[in-house]
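Accompanying notes for the structure given below.
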Amino acid sequence: MMTVLAFDFGLKRVGVAVGNTLIRQAQPLQVIEAATNDGKFDAISQLLSEWQPQRVIVGLPLHPDGAEHEMSVRCRRFANQIHGRFGIETVLVDERYTSAVLTQHRGQPVDHEAAALILQQYFDAHESD
């Protein structure tokens, strides 16, 4: 059994979800709201220490035709920073349609729910992991 954390990266917020390869059910965990990159990575460091994941999933936003855009580059950089700073295997997952599924609830962030959808997509696509 392997613990997996997933991140829905955004410039203002980062959604976080957790799951494991035994149950294969993603759960929203929290939303990181930090003003600086250092603040985001401090919060991520605490989560990694607490959950001890063996793998991290990062959502990769793409245009409907599969083409990358500015946020795709930022998400790749974010995933590379997690791998480089913490030495944890990092996997990018296409998040093209996760935002369309979710709507904000009375102004409340849904980033952690988006992270759970991304993680569930990963579990569903990787049955043998």
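Naming scheme: A, B, ... for chains in displayed order of the structure tokens; residues 1 onward per chain; ligands 1 onward as shown.
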
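Every protein, DNA or RNA residue with an atom at most 12 Å from Gly66 of chain A, where only C-alpha atoms count and chain neighbours fewer than 5 positions away do not, is listed here: Leu60, Pro61, Ser72, Asp94, Glu95, Arg96 and Tyr97 of chain A.
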
Could you turn the residues from that selection into a file that holds C-alpha atoms, as a short mmCIF file (atom, residue, chain, number, x, y, z; two decimals), in the first residue's frame?
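Saved the output as result-v5.cif:
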data_model
loop_
_atom_site.label_atom_id
_atom_site.label_comp_id
_atom_site.auth_asym_id
_atom_site.auth_seq_id
_atom_site.Cartn_x
_atom_site.Cartn_y
_atom_site.Cartn_z
CA LEU A 60 -1.56 19.43 -15.54
CA PRO A 61 -3.96 21.94 -17.13
CA SER A 72 0.89 24.05 -17.93
CA ASP A 94 -4.23 15.73 -17.25
CA GLU A 95 -6.74 17.92 -15.41
CA ARG A 96 -8.45 19.31 -18.49
CA TYR A 97 -12.02 18.80 -17.36
#

Problem - Which of chain A DSSP labels helix (DSSP H, G or I), written as number ranges by chain - result: A: 37-51, 70-86, 98-101, 111-125

Exercise for the section: Write out as a list in words which residues come within 9 Å of segment 39-51 of chain A when counting only C-alpha atoms, dropping same-chain ones fewer than 6 positions away. Expected result: Thr3, Val4, Leu5, Arg13, Val14, Val18, Ile32, Glu33, Ile82 and Phe86 of chain A

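Of the listed residues (A:Arg77, A:Lys12, A:Arg24, A:His69), A:Arg24 comes nearest to Tyr122 of chain A; the distances count only C-alpha atoms.
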
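The gap separating atom CA of Ala35 of chain A from atom CA of Ala6 of chain A is 20.5 Å, in Å to one decimal.
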
Exercise for the section: Tell me, as a PyMOL selection string, which residues lie within 8 Å of Leu29 of chain A, counting only C-alpha atoms; anything in the same chain fewer than 6 positions away does not count. Expected result: chain A and resi 15-18+112

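Considering only C-alpha atoms, the residue among A:Asp38, A:Asp111, A:Glu70, A:Asp8 positioned nearest to Arg85 of chain A is A:Asp38.
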
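The residues of segment 57-91 of chain A that DSSP assigns to strand (DSSP E) on this backbone come out as A:Ile57, A:Val58, A:Gly59, A:Leu60, A:Glu89, A:Thr90, A:Val91.
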
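Among the candidate residues A:Gly10, A:Ala125, A:Gln25, A:Leu92, the one lying nearest to Val110 of chain A is A:Gly10, with distances computed using only C-alpha atoms.
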
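Atom CA of Met2 of chain A lies 16.9 Å from atom CA of His83 of chain A.
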
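You can rank A:Leu117, A:Val93, A:Phe9, A:Gly19 by their closest distance to Gln54 of chain A using only C-alpha atoms, and at the top of that list sits A:Gly19.
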
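The spacing separating atom CA of Gln81 of chain A from atom CA of Leu22 of chain A amounts to 27.3 Å.
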